[in-house]
Amino acid sequence: MVPVSAERWLWIPCVPPKQRCWPSVAKVIDVTRTTTPGAGGVTLQTRAIGADGRLGVDAGVEAGGYTRAPAAMKVVLLAPAYPPEMPHFTRGLAELGHEVYGVGDSAAQALAPGVKRCLADYLQVPRIMDEADVMSRVHQWLRGREVDRIESLWEPLVILAARLRERMGVPGMSLDAVLGFRDKQLMKERVAAAGLRVPKARRVRTAAEIWEAAEQIGYPLILKPIAGAGSADTHRVDSAEHLQKLLPRMQHVREASCEEFIDGEEFTYDTVCIDGRPAFENVAQYLPRPLIARTNEWISPVICTVRDLAQPTIRPGIELGRGVLKALGMGSGFTHMEWYRTRSGEVVFGEIGCRPGGARLVDQMNFTCDIDLFREWGRAVTTGRFDASTERLYNTAIIFKRALGQGRITRHEGLAEFKRRFGRWICAEELLPVGAHRRDWLQTLVSDGWIMVRHPNWGDALELANIAATQVTLYAGG
């Protein structure tokens, strides 16, 4: 036996996680090395205690996919516990052996046990959105300590992370580069300067500027916040009368983008980049496009990843996305872009963020390839490597459900039958239980829960999604 200190080194598997499903590593016990003549390397057997308390055993060939990685990299992660996907990114960094220093406004005792286990230290701040205060507190907290990375995957905090990096001299994307991913008007100007098709748009701050922009751009148009996230406060405006009624609802938005409405199908282009180069790429289609889904409560919105990225209808969008990454000076990390394909086949840029898509999109991508992108993101931003397989095995659809009625969930209909018929294709399901209060469907795409399915064939995946959308129903009342 050759003991391996969990505080100094971890033997990290570099083969597709579908062949190896580790729990979060809490403690490495030892590594046994056995020379195997003619096998091309040394067989390694690692014993570790997982975060769930169970003993795990893993084996492989050193020359065939294992790497000895130092566990000394210190990573500051802003908001390690929220939104809901963030604990998985925290876990991914910890599983790679890095020391994770969390910063958030949740009380330390309120953090989930899985998050606490993954953190080397945690700084609670009064208000995570108070940029100046957080900058001061983090600087004081880290005084005397060297850190290797400062990261955030939550859109409202990417600027703060960039400012902290610049103040502390930590590698990563510059503030100027991050601004191009956060400010929608600056974003479009930089993308357009690279010769890529973007909607005509203007930055507006007052009602007078909105009216002037509408006159220039014409109807229909889109009005949305300059620094918004998702489709919050995003509106399609079809006429001057419609704009007149909408303006009072936009008074809380300090800066907005007034832009040309693009009529077409809407897709994502998602990547994990290393120094601006996509190491992993994904495309998903919105069904229907988000603006329609956000204005009709009865719709069960669907997002479906595309298995075949080589098809002629998808390739132009991928090439557009790669051009956007270059135009904006992307570094290392996740990106989430939206783009349109018109009836004529033209592809048009929508917007992009230097962070992952929300609403379980990372889970969809994981189920599409049977990999762990939470961990591979951590590997990309710390070591500049992406070791998982990029082979796409499935089209993966998520169906968001909205209950009929108001108040608390009273029953589910059709769910048991759906599981009985299609259980082999169901990845996961997280619907609100009976007794839970309905969520505000206008404030969250996740709404009252979701079902995730996958299938190798595109048509079959969409059929499964349609059945879940139309035959599984939640009811609320009281």
# chains A, B, ... in the order shown; residues from 1 in each chain; ligands from 1
call {"tool": "residues_around", "arguments": {"residues": "Arg439 of chain A", "least_positions_apart": "3", "cutoff": "10 Å", "atoms": "only C-alpha atoms", "output": "PDB file with N, CA and C atoms, in the first residue's frame"}}
result
ATOM      1  N   ARG A 402     -46.930  23.484 -15.381  1.00  0.00           N
ATOM      2  CA  ARG A 402     -47.655  24.537 -14.673  1.00  0.00           C
ATOM      3  C   ARG A 402     -49.008  23.987 -14.255  1.00  0.00           C
ATOM      4  N   ALA A 403     -49.290  24.050 -12.969  1.00  0.00           N
ATOM      5  CA  ALA A 403     -50.526  23.470 -12.450  1.00  0.00           C
ATOM      6  C   ALA A 403     -51.742  24.257 -12.927  1.00  0.00           C
ATOM      7  N   GLN A 406     -55.067  27.611  -8.658  1.00  0.00           N
ATOM      8  CA  GLN A 406     -54.195  28.404  -7.798  1.00  0.00           C
ATOM      9  C   GLN A 406     -54.134  27.775  -6.409  1.00  0.00           C
ATOM     10  N   GLY A 407     -53.142  28.217  -5.627  1.00  0.00           N
ATOM     11  CA  GLY A 407     -53.017  27.705  -4.268  1.00  0.00           C
ATOM     12  C   GLY A 407     -52.062  26.532  -4.188  1.00  0.00           C
ATOM     13  N   ARG A 408     -52.475  25.495  -3.457  1.00  0.00           N
ATOM     14  CA  ARG A 408     -51.603  24.342  -3.225  1.00  0.00           C
ATOM     15  C   ARG A 408     -51.911  23.200  -4.192  1.00  0.00           C
ATOM     16  N   LEU A 432     -43.640  19.474  -8.032  1.00  0.00           N
ATOM     17  CA  LEU A 432     -44.054  19.850  -6.685  1.00  0.00           C
ATOM     18  C   LEU A 432     -44.961  18.767  -6.111  1.00  0.00           C
ATOM     19  N   ALA A 436     -47.761  21.220  -1.644  1.00  0.00           N
ATOM     20  CA  ALA A 436     -46.856  22.356  -1.853  1.00  0.00           C
ATOM     21  C   ALA A 436     -47.597  23.496  -2.528  1.00  0.00           C
ATOM     22  N   LEU A 442     -44.667  33.211 -13.857  1.00  0.00           N
ATOM     23  CA  LEU A 442     -44.107  34.368 -14.560  1.00  0.00           C
ATOM     24  C   LEU A 442     -42.703  34.717 -14.063  1.00  0.00           C
ATOM     25  N   GLN A 443     -42.344  34.219 -12.878  1.00  0.00           N
ATOM     26  CA  GLN A 443     -41.057  34.550 -12.280  1.00  0.00           C
ATOM     27  C   GLN A 443     -40.020  33.454 -12.429  1.00  0.00           C
ATOM     28  N   THR A 444     -40.435  32.238 -12.755  1.00  0.00           N
ATOM     29  CA  THR A 444     -39.482  31.141 -12.865  1.00  0.00           C
ATOM     30  C   THR A 444     -39.890  30.178 -13.968  1.00  0.00           C
ATOM     31  N   LEU A 445     -38.960  29.877 -14.856  1.00  0.00           N
ATOM     32  CA  LEU A 445     -39.228  28.911 -15.921  1.00  0.00           C
ATOM     33  C   LEU A 445     -39.503  27.532 -15.355  1.00  0.00           C
ATOM     34  N   VAL A 446     -38.859  27.200 -14.242  1.00  0.00           N
ATOM     35  CA  VAL A 446     -39.055  25.883 -13.624  1.00  0.00           C
ATOM     36  C   VAL A 446     -40.512  25.675 -13.219  1.00  0.00           C
ATOM     37  N   SER A 447     -41.231  26.759 -12.943  1.00  0.00           N
ATOM     38  CA  SER A 447     -42.665  26.720 -12.628  1.00  0.00           C
ATOM     39  C   SER A 447     -42.945  25.730 -11.511  1.00  0.00           C
ATOM     40  N   ASP A 448     -43.873  24.774 -11.745  1.00  0.00           N
ATOM     41  CA  ASP A 448     -44.282  23.846 -10.694  1.00  0.00           C
ATOM     42  C   ASP A 448     -43.577  22.497 -10.788  1.00  0.00           C
ATOM     43  N   GLY A 449     -42.444  22.490 -11.470  1.00  0.00           N
ATOM     44  CA  GLY A 449     -41.640  21.281 -11.556  1.00  0.00           C
ATOM     45  C   GLY A 449     -41.391  20.865 -12.991  1.00  0.00           C
TER      46      GLY A 449
END
call {"tool": "residues_around", "arguments": {"residues": "segment 261-263 of chain A", "least_positions_apart": "3", "cutoff": "12 Å", "atoms": "only C-alpha atoms", "output": "JSON, numbers by chain"}}
result
{"A": [197, 198, 199, 200, 201, 214, 217, 218, 219, 220, 221, 222, 223, 224, 234, 235, 236, 237, 238, 257, 258, 266, 289, 291, 292, 338, 339, 340, 341, 342, 343, 344, 345, 346, 347, 348, 349, 350]}
call {"tool": "write_last_selection", "arguments": {"atoms": "N, CA and C atoms", "output": "CSV table (one decimal), in the first residue's frame"}}
result
chain,number,residue,atom,x,y,z
A,197,ARG,N,-24.3,38.8,-37.9
A,197,ARG,CA,-25.6,39.3,-37.9
A,197,ARG,C,-26.2,39.4,-36.6
A,198,VAL,N,-26.6,40.6,-36.2
A,198,VAL,CA,-27.2,40.9,-34.9
A,198,VAL,C,-28.5,41.7,-35.2
A,199,PRO,N,-29.5,41.7,-34.3
A,199,PRO,CA,-30.7,42.5,-34.4
A,199,PRO,C,-30.3,44.0,-34.3
A,200,LYS,N,-30.9,44.8,-35.1
A,200,LYS,CA,-30.8,46.3,-34.9
A,200,LYS,C,-31.2,46.6,-33.5
A,201,ALA,N,-30.4,47.5,-32.8
A,201,ALA,CA,-30.8,47.7,-31.4
A,201,ALA,C,-30.2,49.1,-30.9
A,214,ALA,N,-38.1,53.1,-31.1
A,214,ALA,CA,-39.2,52.4,-31.8
A,214,ALA,C,-39.5,52.9,-33.1
A,217,ILE,N,-36.6,51.6,-35.4
A,217,ILE,CA,-36.5,50.2,-35.6
A,217,ILE,C,-37.7,49.6,-36.2
A,218,GLY,N,-38.9,50.1,-35.8
A,218,GLY,CA,-40.2,49.6,-36.3
A,218,GLY,C,-40.7,48.5,-35.5
A,219,TYR,N,-42.0,48.2,-35.7
A,219,TYR,CA,-42.7,47.1,-35.0
A,219,TYR,C,-42.8,45.9,-35.8
A,220,PRO,N,-42.9,44.7,-35.2
A,220,PRO,CA,-42.7,44.5,-33.8
A,220,PRO,C,-41.2,44.7,-33.3
A,221,LEU,N,-41.1,44.9,-32.1
A,221,LEU,CA,-39.7,45.1,-31.5
A,221,LEU,C,-39.7,44.4,-30.1
A,222,ILE,N,-38.4,44.3,-29.6
A,222,ILE,CA,-38.2,43.7,-28.3
A,222,ILE,C,-37.7,44.7,-27.4
A,223,LEU,N,-38.2,44.8,-26.2
A,223,LEU,CA,-37.8,45.7,-25.1
A,223,LEU,C,-37.3,44.9,-23.9
A,224,LYS,N,-36.1,45.0,-23.5
A,224,LYS,CA,-35.6,44.2,-22.4
A,224,LYS,C,-34.4,44.9,-21.7
A,234,THR,N,-38.7,41.0,-20.3
A,234,THR,CA,-38.5,41.0,-21.8
A,234,THR,C,-39.8,41.0,-22.4
A,235,HIS,N,-40.1,41.9,-23.3
A,235,HIS,CA,-41.4,42.1,-23.9
A,235,HIS,C,-41.3,42.2,-25.4
A,236,ARG,N,-42.3,41.6,-26.1
A,236,ARG,CA,-42.5,41.9,-27.5
A,236,ARG,C,-43.5,43.0,-27.6
A,237,VAL,N,-43.2,44.0,-28.4
A,237,VAL,CA,-44.1,45.2,-28.6
A,237,VAL,C,-44.5,45.2,-30.0
A,238,ASP,N,-45.9,45.1,-30.2
A,238,ASP,CA,-46.4,45.0,-31.6
A,238,ASP,C,-46.9,46.3,-32.2
A,257,SER,N,-32.6,47.7,-23.7
A,257,SER,CA,-32.3,47.5,-25.1
A,257,SER,C,-33.6,47.4,-25.9
A,258,CYS,N,-33.7,48.3,-26.8
A,258,CYS,CA,-34.8,48.3,-27.8
A,258,CYS,C,-34.3,47.8,-29.1
A,266,GLU,N,-35.8,29.4,-32.1
A,266,GLU,CA,-34.8,29.9,-31.2
A,266,GLU,C,-34.1,28.7,-30.6
A,289,ARG,N,-40.7,29.2,-28.6
A,289,ARG,CA,-39.7,30.1,-28.2
A,289,ARG,C,-40.1,30.8,-26.9
A,291,LEU,N,-40.6,33.7,-25.5
A,291,LEU,CA,-41.6,34.8,-25.4
A,291,LEU,C,-43.0,34.3,-25.5
A,292,ILE,N,-43.2,33.3,-26.3
A,292,ILE,CA,-44.5,32.7,-26.4
A,292,ILE,C,-44.9,31.9,-25.1
A,338,GLU,N,-28.0,32.5,-27.1
A,338,GLU,CA,-29.3,32.2,-27.8
A,338,GLU,C,-29.2,32.8,-29.2
A,339,TRP,N,-29.7,32.0,-30.2
A,339,TRP,CA,-29.6,32.5,-31.6
A,339,TRP,C,-30.9,32.0,-32.3
A,340,TYR,N,-31.2,32.6,-33.4
A,340,TYR,CA,-32.4,32.4,-34.2
A,340,TYR,C,-32.1,31.9,-35.6
A,341,ARG,N,-33.0,31.0,-36.1
A,341,ARG,CA,-32.9,30.6,-37.5
A,341,ARG,C,-34.2,31.0,-38.1
A,342,THR,N,-34.2,31.9,-39.1
A,342,THR,CA,-35.4,32.4,-39.7
A,342,THR,C,-35.9,31.4,-40.8
A,343,ARG,N,-37.0,31.7,-41.3
A,343,ARG,CA,-37.6,30.8,-42.4
A,343,ARG,C,-36.7,30.8,-43.6
A,344,SER,N,-36.0,31.8,-43.9
A,344,SER,CA,-35.1,31.8,-45.0
A,344,SER,C,-33.8,31.1,-44.8
A,345,GLY,N,-33.6,30.6,-43.5
A,345,GLY,CA,-32.3,29.9,-43.2
A,345,GLY,C,-31.2,30.8,-42.6
A,346,GLU,N,-31.5,32.1,-42.5
A,346,GLU,CA,-30.5,33.0,-41.9
A,346,GLU,C,-30.4,32.8,-40.4
A,347,VAL,N,-29.1,32.8,-39.9
A,347,VAL,CA,-28.9,32.7,-38.5
A,347,VAL,C,-28.6,34.0,-37.9
A,348,VAL,N,-29.2,34.4,-36.8
A,348,VAL,CA,-29.1,35.7,-36.2
A,348,VAL,C,-28.7,35.5,-34.7
A,349,PHE,N,-27.7,36.3,-34.3
A,349,PHE,CA,-27.3,36.3,-32.9
A,349,PHE,C,-28.4,36.9,-32.0
A,350,GLY,N,-28.6,36.3,-30.8
A,350,GLY,CA,-29.5,36.9,-29.8
A,350,GLY,C,-28.8,37.5,-28.7
call {"tool": "closest_residue", "arguments": {"among": "A:Arg379, A:His437, A:Val191, A:Phe400", "to": "Arg360 of chain A", "atoms": "only C-alpha atoms"}}
result
A:Phe400
call {"tool": "select_by_dssp", "arguments": {"residues": "segment 352-408 of chain A", "states": "helix (DSSP H, G or I)", "output": "NGL selection string"}}
result
:A and (361-369 or 373-383)
call {"tool": "closest_residue", "arguments": {"among": "A:Ala293, A:Val76, A:Leu243, A:Ala213", "to": "Met168 of chain A", "atoms": "only C-alpha atoms"}}
result
A:Val76
call {"tool": "select_by_dssp", "arguments": {"residues": "segment 356-441 of chain A", "states": "strand (DSSP E)", "output": "PyMOL selection string"}}
result
chain A and resi 395-400+408-413+426-431
call {"tool": "closest_atom_pairs", "arguments": {"of": "segment 297-398 of chain A", "to": "segment 158-166 of chain A", "cutoff": "10 Å", "atoms": "only C-alpha atoms", "output": "CSV"}}
result
residue,atom,partner,partner_atom,distance
A:Gly353,CA,A:Val158,CA,9.3
A:Cys354,CA,A:Val158,CA,7.8
A:Arg355,CA,A:Val158,CA,8.1
call {"tool": "residues_around", "arguments": {"residues": "Asp183 of chain A", "least_positions_apart": "6", "cutoff": "10 Å", "atoms": "only C-alpha atoms", "output": "list in words"}}
result
Arg203, Pro225, Ile226, Ala227, Gly228, Glu255, Ala256, Ser257, Glu351, Ile352 and Gly353 of chain A
call {"tool": "write_last_selection", "arguments": {"atoms": "N, CA and C atoms", "output": "CSV table (one decimal), in the first residue's frame"}}
result
chain,number,residue,atom,x,y,z
A,203,ARG,N,-29.6,51.4,-27.1
A,203,ARG,CA,-29.6,51.5,-25.7
A,203,ARG,C,-30.6,52.7,-25.3
A,225,PRO,N,-34.1,44.5,-20.4
A,225,PRO,CA,-33.1,45.2,-19.7
A,225,PRO,C,-31.7,45.0,-20.3
A,226,ILE,N,-30.9,46.0,-20.2
A,226,ILE,CA,-29.5,45.9,-20.7
A,226,ILE,C,-28.7,44.8,-20.0
A,227,ALA,N,-28.9,44.6,-18.7
A,227,ALA,CA,-28.2,43.7,-17.9
A,227,ALA,C,-29.1,42.6,-17.3
A,228,GLY,N,-30.1,42.2,-18.0
A,228,GLY,CA,-31.1,41.2,-17.6
A,228,GLY,C,-30.5,39.8,-17.6
A,255,GLU,N,-31.8,50.8,-17.5
A,255,GLU,CA,-31.4,50.8,-18.9
A,255,GLU,C,-32.0,49.7,-19.6
A,256,ALA,N,-32.4,49.9,-20.8
A,256,ALA,CA,-33.0,48.8,-21.6
A,256,ALA,C,-32.4,48.8,-23.0
A,257,SER,N,-32.6,47.7,-23.7
A,257,SER,CA,-32.3,47.5,-25.1
A,257,SER,C,-33.6,47.4,-25.9
A,351,GLU,N,-28.3,36.7,-27.8
A,351,GLU,CA,-27.5,37.3,-26.7
A,351,GLU,C,-26.6,36.1,-26.1
A,352,ILE,N,-25.7,36.5,-25.2
A,352,ILE,CA,-24.8,35.5,-24.7
A,352,ILE,C,-24.4,35.9,-23.3
A,353,GLY,N,-24.1,34.9,-22.4
A,353,GLY,CA,-23.6,35.2,-21.1
A,353,GLY,C,-22.4,34.3,-20.8
call {"tool": "closest_residue", "arguments": {"among": "A:Leu186, A:Ala177, A:Ala380, A:Leu153", "to": "Val362 of chain A", "atoms": "only C-alpha atoms"}}
result
A:Leu153
call {"tool": "residues_around", "arguments": {"residues": "segment 93-108 of chain A", "least_positions_apart": "3", "cutoff": "7 Å", "atoms": "only C-alpha atoms", "output": "PyMOL selection string"}}
result
chain A and resi 10+12+24-25+71-80+89-90+111+118-128+375+378
call {"tool": "write_last_selection", "arguments": {"atoms": "C-alpha atoms", "output": "mmCIF file, in the first residue's frame"}}
result
data_model
loop_
_atom_site.group_PDB
_atom_site.id
_atom_site.type_symbol
_atom_site.label_atom_id
_atom_site.label_comp_id
_atom_site.auth_asym_id
_atom_site.auth_seq_id
_atom_site.Cartn_x
_atom_site.Cartn_y
_atom_site.Cartn_z
ATOM 1 C CA LEU A 10 -5.766 12.975 -5.659
ATOM 2 C CA ILE A 12 -8.316 11.796 -10.809
ATOM 3 C CA SER A 24 -18.402 13.507 -3.693
ATOM 4 C CA VAL A 25 -15.025 12.537 -2.227
ATOM 5 C CA ALA A 71 -4.881 19.565 -4.627
ATOM 6 C CA ALA A 72 -3.360 22.881 -3.630
ATOM 7 C CA MET A 73 -5.218 25.210 -6.009
ATOM 8 C CA LYS A 74 -7.325 27.664 -4.048
ATOM 9 C CA VAL A 75 -10.551 28.800 -5.736
ATOM 10 C CA VAL A 76 -12.846 31.563 -4.476
ATOM 11 C CA LEU A 77 -16.397 30.816 -5.630
ATOM 12 C CA LEU A 78 -19.041 33.515 -5.310
ATOM 13 C CA ALA A 79 -22.495 32.160 -4.409
ATOM 14 C CA PRO A 80 -21.521 28.491 -3.922
ATOM 15 C CA PHE A 89 -20.188 23.287 -9.363
ATOM 16 C CA THR A 90 -18.871 23.587 -5.804
ATOM 17 C CA LEU A 111 -25.725 25.830 3.962
ATOM 18 C CA CYS A 118 -16.942 20.895 -0.191
ATOM 19 C CA LEU A 119 -15.814 24.227 1.281
ATOM 20 C CA ALA A 120 -12.429 24.884 2.860
ATOM 21 C CA ASP A 121 -13.774 28.167 4.265
ATOM 22 C CA TYR A 122 -16.803 30.418 3.886
ATOM 23 C CA LEU A 123 -17.338 34.173 4.158
ATOM 24 C CA GLN A 124 -20.861 35.371 4.871
ATOM 25 C CA VAL A 125 -21.494 38.905 3.631
ATOM 26 C CA PRO A 126 -24.575 41.020 4.434
ATOM 27 C CA ARG A 127 -25.599 41.556 0.790
ATOM 28 C CA ILE A 128 -23.937 39.680 -2.049
ATOM 29 C CA ARG A 375 -16.690 18.778 -12.685
ATOM 30 C CA GLY A 378 -13.869 23.059 -12.741
#
call {"tool": "closest_residue", "arguments": {"among": "A:Tyr82, A:Trp450, A:Trp141, A:Phe181", "to": "Gly329 of chain A", "atoms": "only C-alpha atoms"}}
result
A:Phe181
call {"tool": "atom_distance", "arguments": {"atom1": "atom CA of Leu328 of chain A", "atom2": "atom CA of Met86 of chain A"}}
result
24.8 Å
call {"tool": "closest_residue", "arguments": {"among": "A:Met337, A:Leu462, A:Ile409, A:Ala416", "to": "Tyr475 of chain A", "atoms": "only C-alpha atoms"}}
result
A:Ile409
call {"tool": "decode", "arguments": {"residues": "segment 346-372 of chain A", "atoms": "N, CA and C atoms", "output": "CSV table (one decimal), in the first residue's frame"}}
result
chain,number,residue,atom,x,y,z
A,346,GLU,N,-31.5,32.1,-42.5
A,346,GLU,CA,-30.5,33.0,-41.9
A,346,GLU,C,-30.4,32.8,-40.4
A,347,VAL,N,-29.1,32.8,-39.9
A,347,VAL,CA,-28.9,32.7,-38.5
A,347,VAL,C,-28.6,34.0,-37.9
A,348,VAL,N,-29.2,34.4,-36.8
A,348,VAL,CA,-29.1,35.7,-36.2
A,348,VAL,C,-28.7,35.5,-34.7
A,349,PHE,N,-27.7,36.3,-34.3
A,349,PHE,CA,-27.3,36.3,-32.9
A,349,PHE,C,-28.4,36.9,-32.0
A,350,GLY,N,-28.6,36.3,-30.8
A,350,GLY,CA,-29.5,36.9,-29.8
A,350,GLY,C,-28.8,37.5,-28.7
A,351,GLU,N,-28.3,36.7,-27.8
A,351,GLU,CA,-27.5,37.3,-26.7
A,351,GLU,C,-26.6,36.1,-26.1
A,352,ILE,N,-25.7,36.5,-25.2
A,352,ILE,CA,-24.8,35.5,-24.7
A,352,ILE,C,-24.4,35.9,-23.3
A,353,GLY,N,-24.1,34.9,-22.4
A,353,GLY,CA,-23.6,35.2,-21.1
A,353,GLY,C,-22.4,34.3,-20.8
A,354,CYS,N,-21.5,34.8,-20.0
A,354,CYS,CA,-20.3,33.9,-19.7
A,354,CYS,C,-20.6,33.2,-18.4
A,355,ARG,N,-21.6,32.3,-18.5
A,355,ARG,CA,-22.1,31.5,-17.4
A,355,ARG,C,-23.0,30.4,-18.0
A,356,PRO,N,-23.3,29.3,-17.3
A,356,PRO,CA,-24.2,28.3,-17.8
A,356,PRO,C,-25.6,28.7,-17.9
A,357,GLY,N,-26.4,28.1,-18.8
A,357,GLY,CA,-27.8,28.2,-18.8
A,357,GLY,C,-28.4,27.7,-17.5
A,358,GLY,N,-29.5,28.3,-17.1
A,358,GLY,CA,-30.2,27.8,-15.8
A,358,GLY,C,-31.3,26.8,-16.2
A,359,ALA,N,-32.2,26.6,-15.2
A,359,ALA,CA,-33.4,25.7,-15.4
A,359,ALA,C,-33.0,24.3,-15.8
A,360,ARG,N,-31.9,23.8,-15.2
A,360,ARG,CA,-31.5,22.4,-15.4
A,360,ARG,C,-30.8,22.1,-16.7
A,361,LEU,N,-30.4,23.2,-17.5
A,361,LEU,CA,-29.8,22.9,-18.8
A,361,LEU,C,-28.5,22.1,-18.6
A,362,VAL,N,-27.7,22.4,-17.6
A,362,VAL,CA,-26.5,21.6,-17.4
A,362,VAL,C,-26.8,20.2,-17.2
A,363,ASP,N,-27.8,19.9,-16.4
A,363,ASP,CA,-28.2,18.5,-16.2
A,363,ASP,C,-28.6,17.8,-17.6
A,364,GLN,N,-29.3,18.6,-18.4
A,364,GLN,CA,-29.7,18.1,-19.7
A,364,GLN,C,-28.5,17.7,-20.5
A,365,MET,N,-27.5,18.6,-20.5
A,365,MET,CA,-26.3,18.3,-21.3
A,365,MET,C,-25.5,17.1,-20.7
A,366,ASN,N,-25.5,17.0,-19.4
A,366,ASN,CA,-24.9,15.8,-18.8
A,366,ASN,C,-25.6,14.5,-19.2
A,367,PHE,N,-26.9,14.5,-19.3
A,367,PHE,CA,-27.7,13.3,-19.7
A,367,PHE,C,-27.5,13.1,-21.2
A,368,THR,N,-27.3,14.2,-22.0
A,368,THR,CA,-27.1,14.0,-23.4
A,368,THR,C,-25.8,13.2,-23.7
A,369,CYS,N,-24.8,13.4,-22.9
A,369,CYS,CA,-23.5,12.8,-23.2
A,369,CYS,C,-23.0,11.8,-22.1
A,370,ASP,N,-23.8,11.7,-21.0
A,370,ASP,CA,-23.4,10.8,-19.9
A,370,ASP,C,-22.1,11.3,-19.3
A,371,ILE,N,-22.0,12.6,-19.0
A,371,ILE,CA,-20.8,13.1,-18.4
A,371,ILE,C,-21.1,14.0,-17.2
A,372,ASP,N,-20.1,14.6,-16.6
A,372,ASP,CA,-20.3,15.5,-15.5
A,372,ASP,C,-19.7,16.8,-15.8
